[in-house]
>>> print(open('structure-v3.tsv').read())   # TSV, C-alpha atoms
chain	number	residue	atom	x	y	z
A	1	MET	CA	0.00	0.00	0.00
A	2	THR	CA	1.38	3.43	-0.94
A	3	VAL	CA	1.41	6.40	1.45
A	4	ALA	CA	-1.05	8.16	-0.89
A	5	SER	CA	-3.56	5.29	-0.83
A	6	SER	CA	-3.30	4.87	2.97
A	7	GLY	CA	-3.95	8.64	3.26
A	8	LEU	CA	-7.06	8.24	1.11
A	9	ILE	CA	-8.26	5.35	3.29
A	10	LEU	CA	-7.76	7.46	6.45
A	11	LYS	CA	-9.68	10.32	4.82
A	12	GLU	CA	-12.49	7.89	4.00
A	13	MET	CA	-12.51	6.64	7.61
A	14	LEU	CA	-12.83	10.22	8.86
A	15	ASN	CA	-15.87	10.90	6.67
A	16	HIS	CA	-18.04	13.43	8.55
A	17	SER	CA	-21.43	11.72	8.43
A	18	ASP	CA	-19.90	8.31	9.27
A	19	LEU	CA	-18.25	9.88	12.34
A	20	ASP	CA	-21.54	11.58	13.32
A	21	THR	CA	-23.34	8.22	13.21
A	22	ALA	CA	-20.57	6.29	14.96
A	23	PHE	CA	-20.16	8.77	17.83
A	24	ARG	CA	-23.95	8.99	18.27
A	25	ALA	CA	-24.18	5.16	18.35
A	26	LEU	CA	-21.51	5.09	21.09
A	27	SER	CA	-23.25	7.77	23.22
A	28	ASP	CA	-25.33	5.15	25.06
A	29	ALA	CA	-24.02	2.90	27.84
A	30	SER	CA	-26.11	-0.12	26.75
A	31	ARG	CA	-24.84	0.10	23.18
A	32	ARG	CA	-21.25	0.42	24.48
A	33	ALA	CA	-21.87	-2.68	26.66
A	34	ILE	CA	-22.95	-4.57	23.52
A	35	VAL	CA	-19.77	-3.47	21.70
A	36	GLU	CA	-17.63	-4.48	24.73
A	37	ARG	CA	-19.16	-7.97	24.60
A	38	LEU	CA	-18.77	-8.33	20.80
A	39	VAL	CA	-15.07	-7.38	20.92
A	40	ARG	CA	-14.61	-10.82	22.55
A	41	GLY	CA	-16.40	-12.55	19.63
A	42	PRO	CA	-19.84	-13.00	17.99
A	43	ALA	CA	-22.86	-13.44	20.29
A	44	THR	CA	-26.56	-14.20	19.93
A	45	VAL	CA	-29.14	-11.50	20.66
A	46	GLY	CA	-30.16	-13.51	23.74
A	47	THR	CA	-26.60	-13.51	25.10
A	48	LEU	CA	-26.27	-9.77	24.46
A	49	ALA	CA	-29.63	-9.06	26.14
A	50	GLU	CA	-28.86	-11.11	29.29
A	51	PRO	CA	-26.77	-8.52	31.23
A	52	LEU	CA	-28.90	-5.57	30.06
A	53	ALA	CA	-31.83	-4.59	32.30
A	54	MET	CA	-34.30	-3.97	29.47
A	55	SER	CA	-36.90	-5.62	27.24
A	56	LEU	CA	-35.88	-7.59	24.14
A	57	PRO	CA	-37.46	-4.98	21.81
A	58	ALA	CA	-35.30	-2.30	23.51
A	59	VAL	CA	-32.17	-4.43	22.93
A	60	LEU	CA	-33.16	-4.93	19.27
A	61	GLN	CA	-33.57	-1.17	18.90
A	62	HIS	CA	-30.03	-0.59	20.25
A	63	LEU	CA	-28.72	-3.28	17.88
A	64	ALA	CA	-30.49	-1.53	14.97
A	65	VAL	CA	-28.68	1.73	15.84
A	66	LEU	CA	-25.33	-0.12	15.94
A	67	GLU	CA	-26.10	-1.87	12.61
A	68	ALA	CA	-27.12	1.43	10.96
A	69	ALA	CA	-23.81	2.92	12.15
A	70	GLY	CA	-21.94	0.03	10.50
A	71	ILE	CA	-20.52	-1.10	13.85
A	72	VAL	CA	-22.41	-4.38	14.17
A	73	THR	CA	-23.64	-6.88	11.60
A	74	SER	CA	-25.97	-9.83	12.21
A	75	HIS	CA	-27.29	-12.96	10.53
A	76	LYS	CA	-30.16	-15.27	11.41
A	77	VAL	CA	-30.00	-19.06	11.37
A	78	GLY	CA	-33.40	-20.57	12.14
A	79	ARG	CA	-34.73	-18.54	15.07
A	80	VAL	CA	-31.33	-17.45	16.37
A	81	ARG	CA	-29.81	-14.11	15.33
A	82	THR	CA	-26.05	-13.83	15.87
A	83	CYS	CA	-24.30	-10.44	16.03
A	84	THR	CA	-20.71	-9.71	15.05
A	85	LEU	CA	-18.55	-6.60	15.39
A	86	VAL	CA	-17.73	-5.18	11.94
A	87	PRO	CA	-13.92	-5.31	11.54
A	88	ASP	CA	-12.31	-1.84	11.74
A	89	ALA	CA	-15.70	-0.26	12.52
A	90	LEU	CA	-14.19	1.77	15.37
A	91	VAL	CA	-11.04	2.79	13.50
A	92	GLY	CA	-12.60	6.07	12.27
A	93	PRO	CA	-13.69	7.43	15.69
A	94	THR	CA	-10.47	6.17	17.30
A	95	ALA	CA	-8.30	7.82	14.64
A	96	TRP	CA	-10.20	11.10	14.94
A	97	LEU	CA	-9.74	11.18	18.73
A	98	GLN	CA	-6.07	10.25	18.48
A	99	HIS	CA	-5.56	13.12	16.02
A	100	GLN	CA	-6.87	15.58	18.63
A	101	ARG	CA	-4.11	14.82	21.10
A	102	THR	CA	-1.53	17.56	21.57
A	103	PRO	CA	2.15	16.81	20.83
A	104	ALA	CA	2.85	16.67	24.61
A	105	GLU	CA	0.07	14.09	25.09
A	106	ARG	CA	1.43	11.93	22.26
A	107	ARG	CA	4.85	11.85	23.91
A	108	LEU	CA	3.25	10.76	27.20
A	109	ASP	CA	1.32	7.99	25.38
A	110	ARG	CA	4.53	6.56	23.97
A	111	LEU	CA	6.22	6.73	27.39
A	112	GLY	CA	3.26	4.85	28.92
A	113	GLU	CA	3.41	2.13	26.24
A	114	HIS	CA	7.15	1.80	26.77
A	115	LEU	CA	6.63	1.29	30.53
A	116	VAL	CA	3.92	-1.33	29.93
A	117	ASP	CA	5.94	-3.19	27.29
A	118	ALA	CA	9.31	-3.01	29.11
A	119	PRO	CA	10.72	-6.52	29.60
A	120	GLN	CA	10.80	-7.87	33.17
A	121	GLU	CA	14.59	-8.28	33.23
A	122	GLN	CA	15.12	-4.51	33.24
A	123	PRO	CA	15.32	-3.25	36.87
B	1	MET	CA	1.03	6.94	41.57
B	2	THR	CA	0.20	3.33	42.50
B	3	VAL	CA	-1.36	0.87	40.04
B	4	ALA	CA	-4.51	0.84	42.22
B	5	SER	CA	-4.92	4.63	42.12
B	6	SER	CA	-4.27	4.81	38.36
B	7	GLY	CA	-6.93	2.07	37.96
B	8	LEU	CA	-9.38	4.19	39.96
B	9	ILE	CA	-8.60	7.23	37.80
B	10	LEU	CA	-9.21	5.21	34.62
B	11	LYS	CA	-12.52	3.93	36.06
B	12	GLU	CA	-13.51	7.53	36.82
B	13	MET	CA	-12.61	8.55	33.24
B	14	LEU	CA	-14.82	5.78	31.88
B	15	ASN	CA	-17.85	6.94	33.91
B	16	HIS	CA	-20.95	5.98	31.88
B	17	SER	CA	-22.83	9.29	31.87
B	18	ASP	CA	-19.65	11.27	31.13
B	19	LEU	CA	-18.97	9.01	28.15
B	20	ASP	CA	-22.60	9.37	26.98
B	21	THR	CA	-22.26	13.16	27.03
B	22	ALA	CA	-18.79	13.23	25.46
B	23	PHE	CA	-19.66	10.88	22.57
B	24	ARG	CA	-22.92	12.79	21.93
B	25	ALA	CA	-20.99	16.09	21.89
B	26	LEU	CA	-18.58	14.65	19.30
B	27	SER	CA	-21.38	13.33	17.05
B	28	ASP	CA	-21.59	16.63	15.14
B	29	ALA	CA	-19.10	17.75	12.47
B	30	SER	CA	-19.24	21.44	13.50
B	31	ARG	CA	-18.47	20.60	17.13
B	32	ARG	CA	-15.61	18.36	16.00
B	33	ALA	CA	-14.29	21.23	13.85
B	34	ILE	CA	-14.33	23.47	16.96
B	35	VAL	CA	-12.37	20.83	18.92
B	36	GLU	CA	-9.88	20.42	16.03
B	37	ARG	CA	-9.24	24.20	16.14
B	38	LEU	CA	-8.92	24.33	19.96
B	39	VAL	CA	-6.35	21.50	20.02
B	40	ARG	CA	-3.99	24.10	18.47
B	41	GLY	CA	-4.70	26.54	21.33
B	42	PRO	CA	-7.39	28.87	22.78
B	43	ALA	CA	-9.53	30.87	20.33
B	44	THR	CA	-12.22	33.55	20.48
B	45	VAL	CA	-15.82	32.70	19.57
B	46	GLY	CA	-15.36	34.91	16.49
B	47	THR	CA	-12.34	32.90	15.33
B	48	LEU	CA	-14.18	29.63	15.92
B	49	ALA	CA	-17.26	30.85	14.06
B	50	GLU	CA	-15.34	32.07	10.99
B	51	PRO	CA	-14.91	28.74	9.12
B	52	LEU	CA	-18.38	27.48	10.12
B	53	ALA	CA	-21.24	28.24	7.71
B	54	MET	CA	-23.79	29.12	10.38
B	55	SER	CA	-25.16	31.96	12.49
B	56	LEU	CA	-23.39	33.10	15.68
B	57	PRO	CA	-26.27	31.82	17.89
B	58	ALA	CA	-25.86	28.38	16.27
B	59	VAL	CA	-22.11	28.44	17.04
B	60	LEU	CA	-22.86	29.46	20.65
B	61	GLN	CA	-25.28	26.54	20.94
B	62	HIS	CA	-22.59	24.09	19.77
B	63	LEU	CA	-20.14	25.65	22.26
B	64	ALA	CA	-22.73	25.22	25.03
B	65	VAL	CA	-22.96	21.48	24.22
B	66	LEU	CA	-19.16	21.17	24.32
B	67	GLU	CA	-19.02	23.12	27.63
B	68	ALA	CA	-21.77	20.95	29.18
B	69	ALA	CA	-19.79	17.85	28.16
B	70	GLY	CA	-16.72	19.26	29.93
B	71	ILE	CA	-14.74	19.37	26.68
B	72	VAL	CA	-14.48	23.16	26.31
B	73	THR	CA	-14.26	25.96	28.85
B	74	SER	CA	-14.55	29.69	28.17
B	75	HIS	CA	-14.00	33.06	29.82
B	76	LYS	CA	-15.08	36.54	28.84
B	77	VAL	CA	-12.86	39.63	28.95
B	78	GLY	CA	-14.84	42.76	28.01
B	79	ARG	CA	-16.89	41.73	24.97
B	80	VAL	CA	-14.57	38.95	23.84
B	81	ARG	CA	-15.22	35.33	24.90
B	82	THR	CA	-12.21	33.02	24.57
B	83	CYS	CA	-12.62	29.22	24.47
B	84	THR	CA	-10.07	26.65	25.62
B	85	LEU	CA	-9.96	22.87	25.35
B	86	VAL	CA	-10.25	21.27	28.82
B	87	PRO	CA	-7.04	19.28	29.44
B	88	ASP	CA	-7.60	15.50	29.26
B	89	ALA	CA	-11.25	16.04	28.27
B	90	LEU	CA	-10.95	13.48	25.46
B	91	VAL	CA	-8.99	10.91	27.47
B	92	GLY	CA	-12.16	9.07	28.58
B	93	PRO	CA	-13.64	8.48	25.10
B	94	THR	CA	-10.18	7.73	23.66
B	95	ALA	CA	-9.43	5.19	26.41
B	96	TRP	CA	-12.81	3.50	25.95
B	97	LEU	CA	-12.28	3.12	22.19
B	98	GLN	CA	-8.71	1.86	22.63
B	99	HIS	CA	-9.99	-0.78	25.09
B	100	GLN	CA	-12.33	-2.15	22.39
B	101	ARG	CA	-9.49	-3.09	20.07
B	102	THR	CA	-8.88	-6.82	19.67
B	103	PRO	CA	-5.46	-8.25	20.64
B	104	ALA	CA	-4.56	-8.57	16.92
B	105	GLU	CA	-5.39	-4.89	16.34
B	106	ARG	CA	-3.24	-3.82	19.31
B	107	ARG	CA	-0.27	-5.68	17.86
B	108	LEU	CA	-0.79	-3.91	14.51
B	109	ASP	CA	-0.95	-0.52	16.31
B	110	ARG	CA	2.42	-1.13	17.93
B	111	LEU	CA	3.91	-2.25	14.60
B	112	GLY	CA	2.62	0.97	12.98
B	113	GLU	CA	4.12	3.14	15.72
B	114	HIS	CA	7.41	1.28	15.39
B	115	LEU	CA	7.49	1.96	11.64
B	116	VAL	CA	6.70	5.66	12.15
B	117	ASP	CA	9.25	6.07	14.95
B	118	ALA	CA	12.03	4.01	13.30
B	119	PRO	CA	15.21	6.11	13.03
B	120	GLN	CA	16.30	7.21	9.54
B	121	GLU	CA	19.63	5.41	9.68
B	122	GLN	CA	17.99	1.99	9.59
B	123	PRO	CA	17.75	0.75	5.99
>>> encode(input="structure-v3.tsv", output="structure tokens")
Amino acid sequence: MTVASSGLILKEMLNHSDLDTAFRALSDASRRAIVERLVRGPATVGTLAEPLAMSLPAVLQHLAVLEAAGIVTSHKVGRVRTCTLVPDALVGPTAWLQHQRTPAERRLDRLGEHLVDAPQEQP
Amino acid sequence: MTVASSGLILKEMLNHSDLDTAFRALSDASRRAIVERLVRGPATVGTLAEPLAMSLPAVLQHLAVLEAAGIVTSHKVGRVRTCTLVPDALVGPTAWLQHQRTPAERRLDRLGEHLVDAPQEQP
């Protein structure tokens, strides 16, 4: 991949209306809980609904918002609908937020990662 | 800072209602444009309004949303109101999004940073 084409892809990811929809989809704790569960792998609607204190129609409404935002996809086999996180669906919002960090914050990020990744043998 | 206290701080940053408000505030392209400008430093309402194709009351309404979300603060001297980005205001949403990345994605992130940071003398 050339630098030019990766720049185009980043520009595409930062598309305004896509970011609007993605950030709005993430502005609800129940929808974020669904995303947190799906990061670990696909799950049925029943599994996703279990920890949420709400009716099944309410869960389906949240899933519809996440599907419309291109964050979640689902397919039905028989009576069971299984939901999956769309790969790279959160790359746009993440990239936008990372771009808003000041140079000083970026340096601190790298220091933090270095400390976390430092091998045990170093004192 | 101990690991326990930094864990508490992270938990505080990921407070549900704060995240709701922050993500909702960022779900509008004009408000994101204001944040993008303020990352470079404080600016007057007039400066912020200039590139936005909307009335001053509309700009003030967007600023009110960003202030309510704790992302922007402002102070008035005479007739001029100056806006500033609240330090660390975007850390909560950024941290939440970074937590949702799969292990494979995290490895790719580190590879990308390595490639960007690699010194010039390496072939």
>>> atom_distance(input="structure-v3.tsv", atom1="atom CA of Thr21 of chain B", atom2="atom CA of Glu36 of chain B")
18.1 Å
>>> interface_residues(input="structure-v3.tsv", of="chain A", to="chain B", cutoff="7 Å", atoms="only C-alpha atoms", output="PyMOL selection string")
chain A and resi 16+19-21+23-24+26-29+36+39+94+97+100+102
>>> residues_around(input="structure-v3.tsv", residues="Thr44 of chain B", least_positions_apart="2", cutoff="8 Å", atoms="only C-alpha atoms", output="list in words")
Pro42, Gly46, Thr47, Leu48, Val80, Arg81, Thr82 and Cys83 of chain B
>>> atom_distance(input="structure-v3.tsv", atom1="atom CA of Leu66 of chain A", atom2="atom CA of Leu63 of chain B")
27.0 Å
>>> closest_residue(input="structure-v3.tsv", among="B:Leu108, B:Val59, B:Ala68, B:Ala53", to="Val86 of chain B", atoms="only C-alpha atoms")
B:Ala68
>>> atom_distance(input="structure-v3.tsv", atom1="atom CA of Glu67 of chain A", atom2="atom CA of Ala89 of chain A")
10.5 Å
